[in-house]
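Colleague: Let me begin by handing over the structure; questions about it come next.
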Amino acid sequence: MPKLHLKIDAGFTVKSLKIAAAEVAKQLNDVDPFAAPRAINLCLMIEGQMVGFGIGRSEIVAGSIAATAAGETVKIDCQGVFVIDIRPQYVPVFLDPKSTWRITGITYRVEDKDRIAPMDKALKGLTEDQDSTYNEYLKITETRTHFRVAVQTAKKAKDLNSAVV
């Protein structure tokens with residue numbers, strides 16, 4: 001699979017955690033290469049479908065991901081250039097500057113199981129938007145809130161303007 005690069009500068013909070021916020025922050029800040037993967041969940045929208053990626057410490061080329069606990073929430077600051085393995089059929093959309101990217105939350109571990117904590121609040125670099133879809137089964141219109149993030153992409157990290165964020 002091709003390895004492509006992306007640059008992000010965003011901050012957000014998550015809550016509704018199954019374990020203490022301090023433990024989730026510790027997991028996200030852990031630099032142990034053998035620890036279970038913890039990541040920021042990033043989605044690329046392709047023809048109305050989401051293609052998901054996890055970006056964490058093992059994908060950092062330059063910059064950082066920092067997590068701090070604040071009561072029952074975790075504040076996440078992500079500034080950096082990351083390398084992503086991507087399927088060949090998605091390369092053109094990945095590299096298209098008009099593509100829509102979303103951050104949906106984080107993945108963390110509880111008792112050897114992956115858990116997902118959804119986004120709570122956008123702090124920087126994210127734009128909130130909503131879309132509505134009609135649920136045929138429930139016969140209702142559902143409105144969902146999404147958080148778009150500005151992402152720069154390139155085949156090589158050096159091709160991103162000011163590569164170190």
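How things are named: the first chain in the structure tokens is A, the next is B, and so on; residues count from 1 in each chain; ligands count from 1 in the order shown.
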Counting only C-alpha atoms, which residues in segment 46-93 of chain A sit no more than 12 Å from segment 103-124 of chain A? For each one, give the nearest pair of atoms and the distance in Å, sorted by chain then residue number, as CSV.

Modeller:
```
residue,atom,partner,partner_atom,distance
A:Met50,CA,A:Thr104,CA,10.5
A:Val51,CA,A:Ile103,CA,11.5
A:Gly52,CA,A:Thr104,CA,9.4
A:Phe53,CA,A:Ile103,CA,9.7
A:Gly54,CA,A:Thr107,CA,8.2
A:Ile55,CA,A:Ile106,CA,9.3
A:Gly56,CA,A:Ile106,CA,9.7
A:Ile65,CA,A:Ile106,CA,11.9
A:Ala67,CA,A:Ile106,CA,10.8
A:Glu72,CA,A:Asp120,CA,11.4
A:Thr73,CA,A:Asp120,CA,8.6
A:Val74,CA,A:Asp120,CA,9.5
A:Lys75,CA,A:Leu123,CA,8.8
A:Ile76,CA,A:Leu123,CA,9.0
A:Asp77,CA,A:Lys124,CA,8.7
A:Cys78,CA,A:Lys124,CA,9.8
A:Gln79,CA,A:Lys124,CA,10.7
```

Colleague: List as number ranges by chain the protein and nucleic acid residues near segment 125-138 of chain A, meaning an atom at most 9 Å away when only C-alpha atoms are counted, but skip any in the same chain fewer than 2 places from it.

Modeller: A: 8-12, 102-103, 122-123, 140-150

Colleague: Segment 154-158 of chain A: which residues within 8 Å, counting only C-alpha atoms, same-chain residues fewer than 2 positions away excluded, as a PDB file with C-alpha atoms, in the first residue's frame?

Modeller:
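Result file follows (part-v5.pdb):
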```pdb
ATOM      1  CA  LYS A   3       2.441   5.612   2.155  1.00  0.00           C
ATOM      2  CA  LEU A   4       1.119   9.162   1.930  1.00  0.00           C
ATOM      3  CA  HIS A   5       1.463  12.143   4.258  1.00  0.00           C
ATOM      4  CA  LEU A   6      -1.005  14.516   5.855  1.00  0.00           C
ATOM      5  CA  VAL A  61       6.760  12.266  11.093  1.00  0.00           C
ATOM      6  CA  VAL A  81       2.692  15.600   9.861  1.00  0.00           C
ATOM      7  CA  LEU A  95      -4.491  13.796  -2.452  1.00  0.00           C
ATOM      8  CA  GLN A 152      -3.024  19.106   3.775  1.00  0.00           C
ATOM      9  CA  LEU A 160       3.743  19.885   2.649  1.00  0.00           C
ATOM     10  CA  ASN A 161       4.302  23.593   3.138  1.00  0.00           C
ATOM     11  CA  ALA A 163       6.281  20.512   7.177  1.00  0.00           C
TER      12      ALA A 163
END
```

Colleague: Among chain A, which residues does DSSP mark as strand (DSSP E) when it is run on the backbone? Keep the chain and numbering as in the structure and answer as a PyMOL selection string.

Modeller: chain A and resi 3-14+39-46+49-55+60-70+73-85+100-110+113-124+126-135+140-149+151-154

Colleague: When you draw a straight line from atom CA of Met1 of chain A to atom CA of Val83 of chain A, how long is it in Å?

Modeller: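 Interatomic distance, atom CA of Met1 of chain A to atom CA of Val83 of chain A: 11.9 Å.
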